[in-house]
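Student: Dropping the structure in here first, questions after.
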Number of protein chains: 2
Amino acid sequence: MRTRLLFLIAALAIVSYVSTSVSSADEGMWTFDNPPLKQLKEKYNFEPTKEWLDHVRLSSVRLNDGGSGSFVSSDGLIMTNHHVASGQLAKLSTPERDLLKTGFYAKTQQEELRCPDLEVNVLVSLENVTERIQNATKGVDEKKAEELRSAEIAKIEKESTEQTGLRSNVITLYQGGEYWLYRFKKYTDIRLVFAPEQDIAFFGGDPDNFTYPRFNLDVTFLRAYEDGKPAKTEHYFRWSCNGPSEGELVFVSGNPGSTDRLQPFAQLVFEKEFSNPLSLQVLRRLREKLMEFSNRGAEQKRIAKDLLFSVENSLKAINGHQEGLSDPKVMAKKKADEDELRKKVSERADLQKLYGDAWSSLDVIYQKLPEVSKRAAYSRIRFSRLFSIATDIARYATELKKPNTERLPQYRDSNLESFKFRLLSPAPIYKDFEEFLLTHSLEESLEALGKDDEFVQTALGGRKPSEVAREAVANTKLMDVDYRKKLLEEGAEAIQKSGDPMIELALRLDPISRKLQNLLKDEYESKITAATEKIAKARFAVYGKSIPPDATFSLRLSYGTVKGYEIGSTYVPYKTTFYGLYDRAASFDNKPPYNLPERVIARKTALDLSTPFNFVCTADIIGGNSGSPVINKNAEIVGLIFDGNIQSLLWNYLYSDEKGRAVAVHSAGIIEALRKIYDADALADELQGRQKE
Amino acid sequence: MRTRLLFLIAALAIVSYVSTSVSSADEGMWTFDNPPLKQLKEKYNFEPTKEWLDHVRLSSVRLNDGGSGSFVSSDGLIMTNHHVASGQLAKLSTPERDLLKTGFYAKTQQEELRCPDLEVNVLVSLENVTERIQNATKGVDEKKAEELRSAEIAKIEKESTEQTGLRSNVITLYQGGEYWLYRFKKYTDIRLVFAPEQDIAFFGGDPDNFTYPRFNLDVTFLRAYEDGKPAKTEHYFRWSCNGPSEGELVFVSGNPGSTDRLQPFAQLVFEKEFSNPLSLQVLRRLREKLMEFSNRGAEQKRIAKDLLFSVENSLKAINGHQEGLSDPKVMAKKKADEDELRKKVSERADLQKLYGDAWSSLDVIYQKLPEVSKRAAYSRIRFSRLFSIATDIARYATELKKPNTERLPQYRDSNLESFKFRLLSPAPIYKDFEEFLLTHSLEESLEALGKDDEFVQTALGGRKPSEVAREAVANTKLMDVDYRKKLLEEGAEAIQKSGDPMIELALRLDPISRKLQNLLKDEYESKITAATEKIAKARFAVYGKSIPPDATFSLRLSYGTVKGYEIGSTYVPYKTTFYGLYDRAASFDNKPPYNLPERVIARKTALDLSTPFNFVCTADIIGGNSGSPVINKNAEIVGLIFDGNIQSLLWNYLYSDEKGRAVAVHSAGIIEALRKIYDADALADELQGRQKE
């Protein structure tokens, strides 16, 4: 499981999220300022202290590649998923050293490999800035309010960065019901300590993704460095070797990416009828293309692997969402929730006056949205990393001229450092792959929009997609990190005049893409936002903070019970064992994706096969939670979230613990594998807090 | 999986089956006179010879407890399922010797235990008697035809028995499209050779029943004796130790109990709307009652176990049928099949004239059927074995007075021997269990029909169900086999005057039950039969023998491919291994029903855990096929059918190999278990045809 493919979704999911009715069961991705104390006390008789909560927060990290993690030693050791770190593993690989294939273990710190462009954040403080932002926008109309709000957010972020030196971001919760300033300690020197082979980390491949029972060693250990030395991390999670028992209360502290639970009903219909089908179409074609590229040879296969995984992962997730939305019971429940809120609003004259017209206004807007959305979705170039770099640089030229508060978020002073860190990454780029992807994207636009479309005409100028792609890729200098750096330093004019064909393509196309994005924003998104904000405020007035906000890829605390479930008229166990791993491999005669790495086969007899390997719990998670620690009441690591089962895909819209489960690697399974398969005793000792010899 | 609970279903499923449109995929339970030569040649390029077919037929057996089996050595060794033999195992058990719990292995023939009342049949010849029966009924009306047909069948059976000494039964196929005289060699001295513990035979219990992946050693070996010596069996299946590989063609030769594939659509609606819900209600209440009885103590639990298993098994099966019928796609397909046939009939004037009115006549009949069916269903006593014996004896008194051809089938001369064999079984009967079941049955009738109903009044005479049951059970002498024998010998008058309270109850109630059965038969069944016969003849005229008849618990040949399937977006492997057994036990912390026998735990390290244990194939089976051999092209045993997966339950109405599969024990798994867990090398040697030392 992974966060959704953001480059794809961004064009389609233009609506932010608002809050809805009262939660039940173990639902909730709670912010750390509003933990579910009442629920924990009532259901589990557990009362976490402030110290407990601070310790958990400060031991948790966000990986800006799109996942979560945690500190697991005082020497900056970080645990996350293999599939979260796999982008870095791919970037550290070469045709001669394929880390995804062989795995990696640094027996000493000297052998640890520096990740090219991984940033890790720790949430060190949270400050409620709602009042300040609401004061700044008092008494003006909606359009002006949007401008002033954006400016105030930029100002707050800049002030904070200057004062504290910390990465500072204002997070919008409850769709404007609250604004919070989150400050992050940032680590950019992250090194690889241990990764297993992908064949065991992702055993069962795409077929078993989002599946349970499961047998994946989806773990990677990294280490944060400061000033060239392992970071001294005061807060980190201790290790529980026993792991969780059936029925035990556990917590997940991580960064869920996004959920659509509090969407207006009209938005769900839009997703079901339009945006999900479109996403599925785009992804299916891309998968076909990536298969085609992979079939050219072993090296091409290696290069395409990571993107192919993302695409298949997204396909399964969106298919799951679509199945959820196609369930009449789900839609009926969502409709009933909205109806209940509308009823409560209509019963209070003050609320009715302020917010009562929001729903009907949405109905009008959503009528025309599909057409514009489709055009915007195809009026852009996807997938090519070089084109993305070119666009970043082209925009840099225009954005930096603007006052800080008016820039696109990533170009604001407070975010510029992180922006450059990624842009100047030395990670390898493969020209033939770039050309292939750029060609595919241009062909798709041509086919969807026709040759007379403005975007298509500007992109192709009457030539074939493959010609345009070949020329741009062949002659760009953007492969060279120093060249990128030089352009940024020389500034806007140098960028405009670079003559680099990829940058020129970006300079030509970006205005058209942005024009359409702005049309979408001004004519649709702003209106939808205004209406959903009204609904959000109404909801906030009715239900308050008794429910958590939708996910925003910021730190949340979930809780739940370790337990199995019933399916197809039998039971699914709460855990699996190494026996099951070898059964699943043998029962498919070891054919891919059920092939095991040689080392895992060879060490079979050394293992205690009844050691727990994976397990499930009811904690509320979603893409972005990958790599989150699962901890017990003593804040000890009992597991590592890496997936949700197929029934949990519904959680995007509606939480249910009837069959939906979060899937984790078991802490005992990790230690067993480290010691008995990988001879990684030093690492296991560090995790278990044993004295190094 | 098991044949359905016949005592329950008999009152409800009163319609026989007719044939429908062209089969596809690996569909078909073929009679041995009409094997699927064309399909095998076209799809698998395999042409079985007459010798091959005869050998397979003569090596296959039917167990009259309701299952299938096969000869697997020249010394009369029979392989079947543990769950087919479990009734005999229960009857051979005592509080001190619980064979279901401990398993059993006779190291020498002297130690083999004689089963109290198990009859085994081998189909030695098949003869088409359609013409003879059709001639006998030429030119008379429907009611008269029914009588004459019944008389002719009885005559044919009697003649055959007298001539050959073989058990002879006329089988109705294609709902009267064909009649066949099947002659069986009969074995009644059957002894127990080997049975594993029920905990491994039925590992996972009711939850895992009808489930796959699966890990069950559901095998039992018996031995047929003649004249006190092991029967010399010329035809038996040799053993394949490798078992099947993925994609291999395999065959199943067994006795599928019944299918409803060729039912008129109106009957499916009747089952969906009325008879399945009624069966589910009766079974759910019985399950509750049996649980209540089991909770009284360990001995009660042992006594109730076998019936409880049957009930849970039926519940799951009927639930599966009901799910199938609730799938709009299934109903649409069945409707389309019927519409196609009606269209073809309407296009041929001759057929239209003969059969065209059948469907509309059914619509009328089915309107009133539910009410009468319900009354008939509750106007009988279920579950009590003593009452069943009493009824058999009571009927014996009346039936034997009639001419042979007019008797109920089991009282005809040709079947009397088998009837007595069962009636005079020395198997233990438990009085408190009998009283409990009789009370429950009487209470159910009282509740469903009310105190003023004729059946209820006659049964209770104003007293409480528990009183009536207590008295009848306490004072009956039917526990004594010699007493039963004496009554049969003394004949009708002695039976009438026995004064035994259970027999008196049967004598009072049987006429009422039969009156209702006759009402159902005369007013409904005969009309439905007439209409479905017309439809059957129409179908036979249109499609001929290109499709096999519905199942009739007579010998059939199925074929299919060993292969897995896709489900929940991942793959289910074609086989499982012993690794998976230990995984499933460990992943439930060995809690029942996932507990393993001590011996299976202790011998874990002796096993090659990658040995295949269970596997699936697409061969077309249904309840009654339990215990059927799975053989390869060389007619070697590669497995042993013991179940279908949950998706195969639909096969009652419609075959599909998309996800539906037959589930079998793997031949290699059986040998591995016999040798390494049970030290049963002599038995394994006999199976593998090795010289005894």
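Labeling convention for the structure tokens: chains A, B, ... as they appear, residues from 1 per chain, ligands from 1 in order of appearance.
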Quick check: residues of chain A within 9 Å of chain B, only C-alpha atoms, returned as a PDB file with N, CA, C and O atoms, in the first residue's frame.
Tutor:
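part_36.pdb, freshly written:
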```
ATOM      1  N   GLY A 204       4.758 -12.149  -3.129  1.00  0.00           N
ATOM      2  CA  GLY A 204       3.383 -12.210  -3.638  1.00  0.00           C
ATOM      3  C   GLY A 204       3.055 -11.066  -4.581  1.00  0.00           C
ATOM      4  O   GLY A 204       2.023 -11.100  -5.247  1.00  0.00           O
ATOM      5  N   ASP A 206       2.157  -7.824  -6.834  1.00  0.00           N
ATOM      6  CA  ASP A 206       0.886  -7.118  -6.987  1.00  0.00           C
ATOM      7  C   ASP A 206      -0.318  -7.984  -6.621  1.00  0.00           C
ATOM      8  O   ASP A 206      -1.250  -7.498  -5.988  1.00  0.00           O
ATOM      9  N   PRO A 207      -0.342  -9.293  -6.981  1.00  0.00           N
ATOM     10  CA  PRO A 207      -1.522 -10.083  -6.604  1.00  0.00           C
ATOM     11  C   PRO A 207      -1.813 -10.033  -5.107  1.00  0.00           C
ATOM     12  O   PRO A 207      -2.959  -9.888  -4.699  1.00  0.00           O
ATOM     13  N   ASP A 208      -0.763 -10.142  -4.282  1.00  0.00           N
ATOM     14  CA  ASP A 208      -1.001 -10.192  -2.838  1.00  0.00           C
ATOM     15  C   ASP A 208      -1.066  -8.814  -2.188  1.00  0.00           C
ATOM     16  O   ASP A 208      -1.355  -8.722  -0.996  1.00  0.00           O
ATOM     17  N   ASN A 209      -0.796  -7.759  -2.949  1.00  0.00           N
ATOM     18  CA  ASN A 209      -0.919  -6.408  -2.411  1.00  0.00           C
ATOM     19  C   ASN A 209      -2.375  -6.209  -1.975  1.00  0.00           C
ATOM     20  O   ASN A 209      -3.296  -6.653  -2.652  1.00  0.00           O
ATOM     21  N   PHE A 210      -2.566  -5.547  -0.839  1.00  0.00           N
ATOM     22  CA  PHE A 210      -3.916  -5.361  -0.267  1.00  0.00           C
ATOM     23  C   PHE A 210      -4.596  -6.690   0.067  1.00  0.00           C
ATOM     24  O   PHE A 210      -5.813  -6.790   0.018  1.00  0.00           O
ATOM     25  N   THR A 211      -3.789  -7.715   0.337  1.00  0.00           N
ATOM     26  CA  THR A 211      -4.357  -9.029   0.645  1.00  0.00           C
ATOM     27  C   THR A 211      -3.923  -9.454   2.046  1.00  0.00           C
ATOM     28  O   THR A 211      -2.879  -9.043   2.528  1.00  0.00           O
ATOM     29  N   LYS A 316      -5.104  -1.048  -7.879  1.00  0.00           N
ATOM     30  CA  LYS A 316      -5.837  -1.868  -6.919  1.00  0.00           C
ATOM     31  C   LYS A 316      -6.592  -0.997  -5.934  1.00  0.00           C
ATOM     32  O   LYS A 316      -7.739  -1.288  -5.583  1.00  0.00           O
ATOM     33  N   GLY A 568     -15.904 -15.281   3.780  1.00  0.00           N
ATOM     34  CA  GLY A 568     -16.233 -16.456   2.975  1.00  0.00           C
ATOM     35  C   GLY A 568     -16.663 -17.586   3.868  1.00  0.00           C
ATOM     36  O   GLY A 568     -16.386 -18.739   3.602  1.00  0.00           O
ATOM     37  N   SER A 569     -17.291 -17.268   4.982  1.00  0.00           N
ATOM     38  CA  SER A 569     -17.813 -18.221   5.948  1.00  0.00           C
ATOM     39  C   SER A 569     -16.745 -18.930   6.769  1.00  0.00           C
ATOM     40  O   SER A 569     -17.032 -19.875   7.478  1.00  0.00           O
ATOM     41  N   THR A 570     -15.481 -18.503   6.713  1.00  0.00           N
ATOM     42  CA  THR A 570     -14.509 -19.028   7.668  1.00  0.00           C
ATOM     43  C   THR A 570     -13.773 -17.882   8.347  1.00  0.00           C
ATOM     44  O   THR A 570     -14.113 -16.717   8.160  1.00  0.00           O
ATOM     45  N   TYR A 571     -12.763 -18.206   9.149  1.00  0.00           N
ATOM     46  CA  TYR A 571     -12.034 -17.196   9.895  1.00  0.00           C
ATOM     47  C   TYR A 571     -10.679 -16.912   9.277  1.00  0.00           C
ATOM     48  O   TYR A 571     -10.017 -17.811   8.763  1.00  0.00           O
ATOM     49  N   VAL A 572     -10.299 -15.663   9.360  1.00  0.00           N
ATOM     50  CA  VAL A 572      -8.962 -15.260   8.972  1.00  0.00           C
ATOM     51  C   VAL A 572      -8.221 -14.968  10.272  1.00  0.00           C
ATOM     52  O   VAL A 572      -8.718 -14.212  11.096  1.00  0.00           O
ATOM     53  N   PRO A 573      -7.059 -15.601  10.489  1.00  0.00           N
ATOM     54  CA  PRO A 573      -6.393 -15.460  11.789  1.00  0.00           C
ATOM     55  C   PRO A 573      -5.799 -14.071  11.989  1.00  0.00           C
ATOM     56  O   PRO A 573      -5.512 -13.373  11.024  1.00  0.00           O
ATOM     57  N   TYR A 574      -5.587 -13.708  13.263  1.00  0.00           N
ATOM     58  CA  TYR A 574      -5.032 -12.369  13.542  1.00  0.00           C
ATOM     59  C   TYR A 574      -3.566 -12.272  13.161  1.00  0.00           C
ATOM     60  O   TYR A 574      -3.048 -11.188  12.993  1.00  0.00           O
ATOM     61  N   LYS A 575      -2.911 -13.418  13.016  1.00  0.00           N
ATOM     62  CA  LYS A 575      -1.492 -13.379  12.649  1.00  0.00           C
ATOM     63  C   LYS A 575      -1.162 -14.489  11.662  1.00  0.00           C
ATOM     64  O   LYS A 575      -1.952 -15.412  11.470  1.00  0.00           O
ATOM     65  N   THR A 576       0.001 -14.378  11.042  1.00  0.00           N
ATOM     66  CA  THR A 576       0.515 -15.467  10.212  1.00  0.00           C
ATOM     67  C   THR A 576       1.885 -15.853  10.766  1.00  0.00           C
ATOM     68  O   THR A 576       2.422 -15.164  11.626  1.00  0.00           O
ATOM     69  N   THR A 577       2.435 -16.956  10.267  1.00  0.00           N
ATOM     70  CA  THR A 577       3.748 -17.406  10.738  1.00  0.00           C
ATOM     71  C   THR A 577       4.661 -17.682   9.545  1.00  0.00           C
ATOM     72  O   THR A 577       4.214 -17.685   8.394  1.00  0.00           O
ATOM     73  N   PHE A 578       5.914 -17.941   9.838  1.00  0.00           N
ATOM     74  CA  PHE A 578       6.848 -18.282   8.763  1.00  0.00           C
ATOM     75  C   PHE A 578       6.459 -19.586   8.058  1.00  0.00           C
ATOM     76  O   PHE A 578       6.768 -19.779   6.894  1.00  0.00           O
ATOM     77  N   TYR A 579       5.767 -20.479   8.772  1.00  0.00           N
ATOM     78  CA  TYR A 579       5.228 -21.659   8.099  1.00  0.00           C
ATOM     79  C   TYR A 579       4.434 -21.259   6.859  1.00  0.00           C
ATOM     80  O   TYR A 579       4.527 -21.858   5.797  1.00  0.00           O
ATOM     81  N   GLY A 580       3.614 -20.245   7.038  1.00  0.00           N
ATOM     82  CA  GLY A 580       2.732 -19.802   5.964  1.00  0.00           C
ATOM     83  C   GLY A 580       3.492 -19.244   4.777  1.00  0.00           C
ATOM     84  O   GLY A 580       3.085 -19.406   3.626  1.00  0.00           O
ATOM     85  N   LEU A 581       4.607 -18.569   5.074  1.00  0.00           N
ATOM     86  CA  LEU A 581       5.447 -18.054   3.991  1.00  0.00           C
ATOM     87  C   LEU A 581       5.915 -19.191   3.100  1.00  0.00           C
ATOM     88  O   LEU A 581       5.788 -19.152   1.876  1.00  0.00           O
ATOM     89  N   TYR A 582       6.455 -20.227   3.748  1.00  0.00           N
ATOM     90  CA  TYR A 582       6.992 -21.348   2.962  1.00  0.00           C
ATOM     91  C   TYR A 582       5.867 -22.152   2.299  1.00  0.00           C
ATOM     92  O   TYR A 582       6.042 -22.718   1.225  1.00  0.00           O
ATOM     93  N   ASP A 583       4.703 -22.177   2.931  1.00  0.00           N
ATOM     94  CA  ASP A 583       3.552 -22.843   2.297  1.00  0.00           C
ATOM     95  C   ASP A 583       3.163 -22.126   1.020  1.00  0.00           C
ATOM     96  O   ASP A 583       2.963 -22.757  -0.020  1.00  0.00           O
ATOM     97  N   ARG A 584       3.063 -20.802   1.106  1.00  0.00           N
ATOM     98  CA  ARG A 584       2.584 -20.061  -0.062  1.00  0.00           C
ATOM     99  C   ARG A 584       3.587 -20.156  -1.215  1.00  0.00           C
ATOM    100  O   ARG A 584       3.201 -20.285  -2.374  1.00  0.00           O
ATOM    101  N   ALA A 586       5.726 -22.705  -1.689  1.00  0.00           N
ATOM    102  CA  ALA A 586       5.692 -24.088  -2.195  1.00  0.00           C
ATOM    103  C   ALA A 586       4.404 -24.380  -2.943  1.00  0.00           C
ATOM    104  O   ALA A 586       4.394 -25.106  -3.935  1.00  0.00           O
ATOM    105  N   SER A 587       3.298 -23.786  -2.500  1.00  0.00           N
ATOM    106  CA  SER A 587       2.017 -24.121  -3.115  1.00  0.00           C
ATOM    107  C   SER A 587       1.891 -23.501  -4.509  1.00  0.00           C
ATOM    108  O   SER A 587       1.022 -23.894  -5.273  1.00  0.00           O
ATOM    109  N   PHE A 588       2.754 -22.542  -4.812  1.00  0.00           N
ATOM    110  CA  PHE A 588       2.818 -22.014  -6.180  1.00  0.00           C
ATOM    111  C   PHE A 588       4.070 -22.541  -6.890  1.00  0.00           C
ATOM    112  O   PHE A 588       4.513 -21.953  -7.883  1.00  0.00           O
ATOM    113  N   LEU A 609       9.839 -21.729  12.727  1.00  0.00           N
ATOM    114  CA  LEU A 609       8.815 -21.396  11.724  1.00  0.00           C
ATOM    115  C   LEU A 609       7.493 -20.961  12.335  1.00  0.00           C
ATOM    116  O   LEU A 609       6.653 -20.392  11.645  1.00  0.00           O
ATOM    117  N   SER A 610       7.310 -21.226  13.609  1.00  0.00           N
ATOM    118  CA  SER A 610       6.054 -20.790  14.225  1.00  0.00           C
ATOM    119  C   SER A 610       6.123 -19.340  14.705  1.00  0.00           C
ATOM    120  O   SER A 610       5.159 -18.818  15.244  1.00  0.00           O
ATOM    121  N   THR A 611       7.251 -18.683  14.486  1.00  0.00           N
ATOM    122  CA  THR A 611       7.369 -17.259  14.848  1.00  0.00           C
ATOM    123  C   THR A 611       6.336 -16.446  14.062  1.00  0.00           C
ATOM    124  O   THR A 611       6.212 -16.601  12.852  1.00  0.00           O
ATOM    125  N   PRO A 612       5.605 -15.567  14.747  1.00  0.00           N
ATOM    126  CA  PRO A 612       4.642 -14.722  14.038  1.00  0.00           C
ATOM    127  C   PRO A 612       5.348 -13.862  12.991  1.00  0.00           C
ATOM    128  O   PRO A 612       6.456 -13.380  13.232  1.00  0.00           O
ATOM    129  N   ILE A 646      -7.980  -5.860   1.499  1.00  0.00           N
ATOM    130  CA  ILE A 646      -8.789  -5.337   0.386  1.00  0.00           C
ATOM    131  C   ILE A 646     -10.052  -4.665   0.918  1.00  0.00           C
ATOM    132  O   ILE A 646     -10.529  -3.672   0.355  1.00  0.00           O
TER     133      ILE A 646
END
```
Student: Neighbours of range 58-64 of chain B within 8 Å (only C-alpha atoms; same-chain residues fewer than 6 positions away dropped), as a PyMOL selection string?
Tutor: chain B and resi 70-72+118-124+235-237+253-255+554-555+628-629
Student: For C-alpha atoms, I'd like the residues from the last selection saved as a PDB file, in the first residue's frame.
Tutor:
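Once everything was written out, this is out32.pdb:
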```pdb
ATOM      1  CA  SER B  70     -12.646 -46.873  -4.453  1.00  0.00           C
ATOM      2  CA  PHE B  71     -10.714 -50.095  -4.271  1.00  0.00           C
ATOM      3  CA  VAL B  72      -7.030 -49.384  -3.823  1.00  0.00           C
ATOM      4  CA  LEU B 118     -22.105 -50.300   6.187  1.00  0.00           C
ATOM      5  CA  GLU B 119     -23.036 -51.575   2.745  1.00  0.00           C
ATOM      6  CA  VAL B 120     -20.738 -50.986  -0.209  1.00  0.00           C
ATOM      7  CA  ASN B 121     -21.842 -51.365  -3.847  1.00  0.00           C
ATOM      8  CA  VAL B 122     -19.919 -51.844  -7.064  1.00  0.00           C
ATOM      9  CA  LEU B 123     -21.713 -51.114 -10.316  1.00  0.00           C
ATOM     10  CA  VAL B 124     -21.086 -54.290 -12.306  1.00  0.00           C
ATOM     11  CA  HIS B 235     -10.122 -54.143 -10.313  1.00  0.00           C
ATOM     12  CA  TYR B 236      -8.503 -51.522  -8.124  1.00  0.00           C
ATOM     13  CA  PHE B 237      -6.680 -48.255  -8.668  1.00  0.00           C
ATOM     14  CA  SER B 253     -15.404 -41.381 -10.501  1.00  0.00           C
ATOM     15  CA  GLY B 254     -18.104 -41.211  -7.861  1.00  0.00           C
ATOM     16  CA  ASN B 255     -21.715 -40.867  -6.888  1.00  0.00           C
ATOM     17  CA  SER B 554     -25.397 -43.227  -9.049  1.00  0.00           C
ATOM     18  CA  LEU B 555     -21.971 -43.667 -10.595  1.00  0.00           C
ATOM     19  CA  SER B 628     -14.386 -40.295  -4.771  1.00  0.00           C
ATOM     20  CA  PRO B 629     -10.968 -41.125  -6.156  1.00  0.00           C
TER      21      PRO B 629
END
```
Student: As a PyMOL selection string, please: all residues of range 590-631 of chain B that backbone DSSP puts in strand (DSSP E).
Tutor: chain B and resi 612-617+629-631
Student: Residues near Ala145 in chain B, anyone? I mean within 12 Å using only C-alpha atoms, not counting same-chain ones fewer than 4 positions away, as an NGL selection string.
Tutor: :B and (133-141 or 149-153 or 176 or 526 or 530)
Student: Which residue is closest to Asp657 in chain B? Choose from B:Asp482, B:Glu371, B:Asp189, B:Asp620 and count only C-alpha atoms.
Tutor: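 The shortest atom-to-atom distance to Asp657 in chain B comes from B:Asp620.
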Student: Residues within 10 Å of Ile621 in chain B, please, as a count of residues only. Count only C-alpha atoms; anything in the same chain fewer than 2 positions from it doesn't count.
Tutor: 34
Student: Using only C-alpha atoms, determine which residues lie at most 7 Å from Tyr378 in chain B, disregarding the query and same-chain residues fewer than 3 positions distant; provide the list as a VMD selection string.
Tutor: chain B and resid 374 to 375 445 448
Student: Excluding same-chain residues fewer than 5 positions from Leu519 in chain A, what lies within 10 Å of it counting only C-alpha atoms, as a list in words?
Tutor: Val372, Ser373, Ala376, Ser513, Arg514, Tyr524, Glu525 and Ser526 of chain A
Student: Show me, as a ChimeraX atom specification, the residues that have an atom within 10 Å of Lys43 in chain B when counting only C-alpha atoms, minus same-chain residues fewer than 3 positions from it.
Tutor: /B:25-26,38-40,46,249
Student: Out of A:Leu181, A:Leu487, A:Leu607, A:Ala682, which residue has the shortest atom-to-atom distance to Ile503 in chain A when counting only C-alpha atoms?
Tutor: A:Leu487
Student: Could you check the closest approach to Lys143 in chain B for each of B:Thr605, B:Ser93, B:Thr529, B:Thr391 and tell me which residue wins, using only C-alpha atoms?
Tutor: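 Among B:Thr605, B:Ser93, B:Thr529, B:Thr391, it is B:Thr529 that comes nearest to Lys143 in chain B.
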Student: Please run DSSP on the backbone and report, as a PyMOL selection string, all residues within range 223-342 of chain B that come out as helix (DSSP H, G or I).
Tutor: chain B and resi 265-294+298-326+328-342
